[in-house]
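Undergrad: If you scroll down you'll find the structure; I have some questions about it.
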Amino acid sequence: MRGMEIGLFLALFADKPLEEALDIAAAEGVRAIELGAGAYPGASHVDVDALLGDAGARRRLQKMVSDRGLRVSALSCHGNPLHPRKQIAREHHD
């Protein structure tokens with residue numbers, strides 16, 4: 001049986017470039033990362049459209065992650081389609 005892996009939500013490091021955020025995670029002994037992909041967590045470390053449309057972009061991202069002994073545990077896109085501000089609610093719904 002495999003033990004528990006500690007993961008880190010990289011949205012905490014949205015102000016840093018992806019490679020620096022990955023380096024921090026690896027240095028702390030983290031094994032898995034969650035990348036923000038829109039809405040509340042933002043997408044500061046990934047270009048979702050590029051990843052969807054470009055196998056090379058996906059391979060480069062996977063290599064950046066795996067070269068540091070990490071794995072992607074999740075792409076996170078969560079919002080609030082019931083937000084009281086209609087524009088935010090609409091964006092999150094869409």
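We label chains A, B, ... in the order they appear in the structure tokens, count residues from 1 in each chain, and number ligands from 1 in the order shown.
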Give me the residues within 10 Å of segment 54-69 of chain A as a tab-separated table (two decimals) with N, CA, C and O atoms, in the first residue's frame, counting only C-alpha atoms and dropping any in the same chain fewer than 3 places off.
TA:
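As written to disk, around-v3.tsv reads:
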chain	number	residue	atom	x	y	z
A	18	LEU	N	6.04	30.03	-12.76
A	18	LEU	CA	5.76	28.61	-12.53
A	18	LEU	C	7.00	27.85	-12.08
A	18	LEU	O	6.94	27.09	-11.12
A	19	GLU	N	8.10	28.03	-12.77
A	19	GLU	CA	9.30	27.25	-12.43
A	19	GLU	C	9.76	27.54	-11.01
A	19	GLU	O	10.18	26.63	-10.29
A	22	LEU	N	7.37	25.72	-8.68
A	22	LEU	CA	7.69	24.28	-8.68
A	22	LEU	C	8.94	24.01	-7.85
A	22	LEU	O	8.99	23.01	-7.10
A	23	ASP	N	9.94	24.85	-7.96
A	23	ASP	CA	11.16	24.68	-7.18
A	23	ASP	C	10.87	24.76	-5.69
A	23	ASP	O	11.41	23.98	-4.89
A	25	ALA	N	8.01	24.07	-4.19
A	25	ALA	CA	7.28	22.85	-3.82
A	25	ALA	C	8.24	21.68	-3.66
A	25	ALA	O	8.19	20.95	-2.66
A	26	ALA	N	9.13	21.51	-4.62
A	26	ALA	CA	10.08	20.39	-4.56
A	26	ALA	C	11.01	20.52	-3.37
A	26	ALA	O	11.30	19.53	-2.69
A	27	ALA	N	11.47	21.72	-3.09
A	27	ALA	CA	12.40	21.93	-1.97
A	27	ALA	C	11.75	21.62	-0.63
A	27	ALA	O	12.44	21.23	0.32
A	29	GLY	N	9.67	19.22	-0.16
A	29	GLY	CA	9.36	17.80	-0.08
A	29	GLY	C	7.97	17.43	-0.53
A	29	GLY	O	7.50	16.31	-0.32
A	30	VAL	N	7.31	18.38	-1.18
A	30	VAL	CA	5.97	18.13	-1.71
A	30	VAL	C	6.09	17.13	-2.85
A	30	VAL	O	7.07	17.13	-3.59
A	31	ARG	N	5.10	16.26	-3.01
A	31	ARG	CA	5.14	15.26	-4.07
A	31	ARG	C	4.15	15.55	-5.20
A	31	ARG	O	4.31	15.09	-6.31
A	32	ALA	N	3.09	16.30	-4.88
A	32	ALA	CA	2.05	16.56	-5.87
A	32	ALA	C	1.68	18.04	-5.83
A	32	ALA	O	1.77	18.68	-4.78
A	33	ILE	N	1.27	18.56	-6.97
A	33	ILE	CA	0.86	19.96	-7.04
A	33	ILE	C	-0.52	20.05	-7.68
A	33	ILE	O	-0.91	19.22	-8.49
A	45	HIS	N	-0.28	30.15	-13.67
A	45	HIS	CA	0.79	29.23	-14.04
A	45	HIS	C	0.49	28.39	-15.28
A	45	HIS	O	1.38	27.67	-15.74
A	46	VAL	N	-0.71	28.45	-15.77
A	46	VAL	CA	-1.04	27.66	-16.96
A	46	VAL	C	-1.88	28.48	-17.92
A	46	VAL	O	-2.70	29.30	-17.52
A	47	ASP	N	-1.66	28.25	-19.20
A	47	ASP	CA	-2.48	28.83	-20.25
A	47	ASP	C	-3.39	27.69	-20.71
A	47	ASP	O	-2.97	26.83	-21.49
A	48	VAL	N	-4.59	27.67	-20.18
A	48	VAL	CA	-5.50	26.54	-20.42
A	48	VAL	C	-5.74	26.34	-21.91
A	48	VAL	O	-5.69	25.20	-22.40
A	49	ASP	N	-6.00	27.40	-22.65
A	49	ASP	CA	-6.25	27.26	-24.08
A	49	ASP	C	-5.04	26.66	-24.80
A	49	ASP	O	-5.19	25.80	-25.68
A	50	ALA	N	-3.85	27.09	-24.43
A	50	ALA	CA	-2.64	26.54	-25.05
A	50	ALA	C	-2.50	25.05	-24.72
A	50	ALA	O	-2.15	24.25	-25.60
A	51	LEU	N	-2.77	24.68	-23.48
A	51	LEU	CA	-2.66	23.27	-23.09
A	51	LEU	C	-3.68	22.41	-23.83
A	51	LEU	O	-3.38	21.29	-24.24
A	72	VAL	N	1.22	16.31	-11.15
A	72	VAL	CA	0.03	17.15	-11.08
A	72	VAL	C	-1.10	16.30	-10.53
A	72	VAL	O	-1.46	15.28	-11.12
Undergrad: Give me the residues near Ala37 of chain A as a PyMOL selection string, where near means some atom within 7 Å (using only C-alpha atoms) and where sequence neighbours in that chain fewer than 5 positions away do not count.
TA: chain A and resi 42-43+46+48+75-77
Undergrad: Can you write out the residues you just picked, keeping C-alpha atoms, as a PDB file, in the first residue's frame?
TA:
ATOM      1  CA  GLY A  42      -6.807  32.133 -11.393  1.00  0.00           C
ATOM      2  CA  ALA A  43      -4.541  30.612 -14.024  1.00  0.00           C
ATOM      3  CA  VAL A  46      -1.045  27.658 -16.961  1.00  0.00           C
ATOM      4  CA  VAL A  48      -5.503  26.544 -20.422  1.00  0.00           C
ATOM      5  CA  LEU A  75      -6.206  21.331 -12.290  1.00  0.00           C
ATOM      6  CA  SER A  76      -8.378  23.562 -10.170  1.00  0.00           C
ATOM      7  CA  CYS A  77     -11.126  25.774 -11.532  1.00  0.00           C
TER       8      CYS A  77
END
Undergrad: Going by DSSP on the backbone, which bits of chain A are strand (DSSP E or B)? Write them as a PyMOL selection string, please.
TA: chain A and resi 7-9+32-39+71-78
Undergrad: Can you tell me, as a VMD selection string, which residues in chain A count as alpha helix (DSSP H) by DSSP?
TA: chain A and resid 18 to 27 48 to 53 55 to 66 86 to 93
Undergrad: Any chance you could export the current selection's N, CA, C and O atoms as a short mmCIF file (atom, residue, chain, number, x, y, z; two decimals), in the first residue's frame?
TA:
data_model
loop_
_atom_site.label_atom_id
_atom_site.label_comp_id
_atom_site.auth_asym_id
_atom_site.auth_seq_id
_atom_site.Cartn_x
_atom_site.Cartn_y
_atom_site.Cartn_z
N LEU A 18 6.04 30.03 -12.76
CA LEU A 18 5.76 28.61 -12.53
C LEU A 18 7.00 27.85 -12.08
O LEU A 18 6.94 27.09 -11.12
N GLU A 19 8.10 28.03 -12.77
CA GLU A 19 9.30 27.25 -12.43
C GLU A 19 9.76 27.54 -11.01
O GLU A 19 10.18 26.63 -10.29
N GLU A 20 9.66 28.77 -10.56
CA GLU A 20 10.04 29.11 -9.19
C GLU A 20 9.07 28.45 -8.20
O GLU A 20 9.49 27.92 -7.16
N ALA A 21 7.78 28.48 -8.51
CA ALA A 21 6.78 27.84 -7.63
C ALA A 21 7.04 26.33 -7.55
O ALA A 21 6.94 25.74 -6.47
N LEU A 22 7.37 25.72 -8.68
CA LEU A 22 7.69 24.28 -8.68
C LEU A 22 8.94 24.01 -7.85
O LEU A 22 8.99 23.01 -7.10
N ASP A 23 9.94 24.85 -7.96
CA ASP A 23 11.16 24.68 -7.18
C ASP A 23 10.87 24.76 -5.69
O ASP A 23 11.41 23.98 -4.89
N ILE A 24 10.02 25.69 -5.29
CA ILE A 24 9.65 25.82 -3.88
C ILE A 24 8.96 24.55 -3.40
O ILE A 24 9.29 24.01 -2.34
N ALA A 25 8.01 24.07 -4.19
CA ALA A 25 7.28 22.85 -3.82
C ALA A 25 8.24 21.68 -3.66
O ALA A 25 8.19 20.95 -2.66
N ALA A 26 9.13 21.51 -4.62
CA ALA A 26 10.08 20.39 -4.56
C ALA A 26 11.01 20.52 -3.37
O ALA A 26 11.30 19.53 -2.69
N ALA A 27 11.47 21.72 -3.09
CA ALA A 27 12.40 21.93 -1.97
C ALA A 27 11.75 21.62 -0.63
O ALA A 27 12.44 21.23 0.32
N VAL A 48 -4.59 27.67 -20.18
CA VAL A 48 -5.50 26.54 -20.42
C VAL A 48 -5.74 26.34 -21.91
O VAL A 48 -5.69 25.20 -22.40
N ASP A 49 -6.00 27.40 -22.65
CA ASP A 49 -6.25 27.26 -24.08
C ASP A 49 -5.04 26.66 -24.80
O ASP A 49 -5.19 25.80 -25.68
N ALA A 50 -3.85 27.09 -24.43
CA ALA A 50 -2.64 26.54 -25.05
C ALA A 50 -2.50 25.05 -24.72
O ALA A 50 -2.15 24.25 -25.60
N LEU A 51 -2.77 24.68 -23.48
CA LEU A 51 -2.66 23.27 -23.09
C LEU A 51 -3.68 22.41 -23.83
O LEU A 51 -3.38 21.29 -24.24
N LEU A 52 -4.88 22.94 -24.01
CA LEU A 52 -5.92 22.18 -24.71
C LEU A 52 -5.58 22.00 -26.19
O LEU A 52 -5.90 20.96 -26.77
N GLY A 53 -4.93 22.98 -26.77
CA GLY A 53 -4.71 22.95 -28.21
C GLY A 53 -3.32 22.54 -28.66
O GLY A 53 -3.06 22.45 -29.86
N ALA A 55 -0.21 19.79 -27.90
CA ALA A 55 0.40 18.65 -27.22
C ALA A 55 1.80 18.98 -26.74
O ALA A 55 2.24 18.52 -25.68
N GLY A 56 2.53 19.81 -27.48
CA GLY A 56 3.87 20.22 -27.08
C GLY A 56 3.84 21.01 -25.78
O GLY A 56 4.70 20.82 -24.91
N ALA A 57 2.85 21.90 -25.63
CA ALA A 57 2.72 22.68 -24.39
C ALA A 57 2.43 21.75 -23.22
O ALA A 57 2.98 21.94 -22.12
N ARG A 58 1.61 20.74 -23.44
CA ARG A 58 1.31 19.78 -22.37
C ARG A 58 2.57 18.99 -21.99
O ARG A 58 2.84 18.81 -20.80
N ARG A 59 3.35 18.58 -22.98
CA ARG A 59 4.59 17.84 -22.69
C ARG A 59 5.59 18.71 -21.94
O ARG A 59 6.25 18.25 -21.00
N ARG A 60 5.70 19.98 -22.33
CA ARG A 60 6.63 20.88 -21.64
C ARG A 60 6.23 21.07 -20.18
O ARG A 60 7.08 21.06 -19.29
N LEU A 61 4.94 21.23 -19.94
CA LEU A 61 4.46 21.37 -18.57
C LEU A 61 4.74 20.09 -17.78
O LEU A 61 5.27 20.14 -16.66
N GLN A 62 4.42 18.95 -18.36
CA GLN A 62 4.67 17.68 -17.67
C GLN A 62 6.15 17.51 -17.36
O GLN A 62 6.52 17.04 -16.29
N LYS A 63 7.01 17.90 -18.28
CA LYS A 63 8.46 17.78 -18.06
C LYS A 63 8.93 18.70 -16.94
O LYS A 63 9.72 18.29 -16.08
N MET A 64 8.44 19.94 -16.93
CA MET A 64 8.81 20.87 -15.86
C MET A 64 8.45 20.29 -14.50
O MET A 64 9.20 20.41 -13.54
N VAL A 65 7.29 19.66 -14.44
CA VAL A 65 6.80 19.08 -13.19
C VAL A 65 7.61 17.83 -12.83
O VAL A 65 8.15 17.71 -11.73
N SER A 66 7.71 16.90 -13.76
CA SER A 66 8.37 15.62 -13.46
C SER A 66 9.87 15.77 -13.23
O SER A 66 10.45 15.02 -12.44
N LYS A 86 -23.61 39.99 -10.29
CA LYS A 86 -24.06 39.27 -11.49
C LYS A 86 -22.94 38.96 -12.48
O LYS A 86 -22.90 37.89 -13.06
N GLN A 87 -22.04 39.90 -12.68
CA GLN A 87 -20.95 39.68 -13.64
C GLN A 87 -20.06 38.53 -13.20
O GLN A 87 -19.69 37.67 -14.00
N ILE A 88 -19.72 38.49 -11.92
CA ILE A 88 -18.89 37.40 -11.40
C ILE A 88 -19.65 36.08 -11.52
O ILE A 88 -19.10 35.06 -11.94
N ALA A 89 -20.92 36.08 -11.14
CA ALA A 89 -21.75 34.87 -11.23
C ALA A 89 -21.78 34.35 -12.67
O ALA A 89 -21.60 33.16 -12.92
N ARG A 90 -21.96 35.23 -13.63
CA ARG A 90 -22.02 34.84 -15.05
C ARG A 90 -20.70 34.26 -15.51
O ARG A 90 -20.64 33.22 -16.17
N GLU A 91 -19.60 34.94 -15.16
CA GLU A 91 -18.27 34.44 -15.56
C GLU A 91 -18.00 33.07 -14.98
O GLU A 91 -17.49 32.18 -15.66
N HIS A 92 -18.35 32.87 -13.72
CA HIS A 92 -18.10 31.59 -13.08
C HIS A 92 -19.02 30.50 -13.64
O HIS A 92 -18.61 29.35 -13.76
N HIS A 93 -20.22 30.88 -13.97
CA HIS A 93 -21.13 29.91 -14.60
C HIS A 93 -20.59 29.47 -15.95
O HIS A 93 -20.55 28.29 -16.27
#
Undergrad: Quote the spacing between atom CA of Ile6 of chain A and atom CA of Asn80 of chain A in Å to one decimal place.
TA: 26.9 Å
Undergrad: Could you name the residues that touch Tyr40 of chain A at 7 Å or less, counting only C-alpha atoms, but leaving out those on the same chain fewer than 2 positions away, as a ChimeraX atom specification?
TA: /A:38,42,78-79
Undergrad: How about saving the chosen residues, C-alpha atoms kept, as a PDB file, in the first residue's frame?
TA:
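Contents of result.pdb, freshly written:
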ATOM      1  CA  GLY A  38      -9.410  29.628 -13.767  1.00  0.00           C
ATOM      2  CA  GLY A  42      -6.807  32.133 -11.393  1.00  0.00           C
ATOM      3  CA  HIS A  78     -13.701  26.650  -8.925  1.00  0.00           C
ATOM      4  CA  GLY A  79     -15.930  29.621  -8.674  1.00  0.00           C
TER       5      GLY A  79
END
Undergrad: As an exercise, work out the distance from atom CA of Ala74 of chain A to atom CA of Leu8 of chain A in Å and give it to one decimal place.
TA: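 Separation between atom CA of Ala74 of chain A and atom CA of Leu8 of chain A: 10.1 Å.
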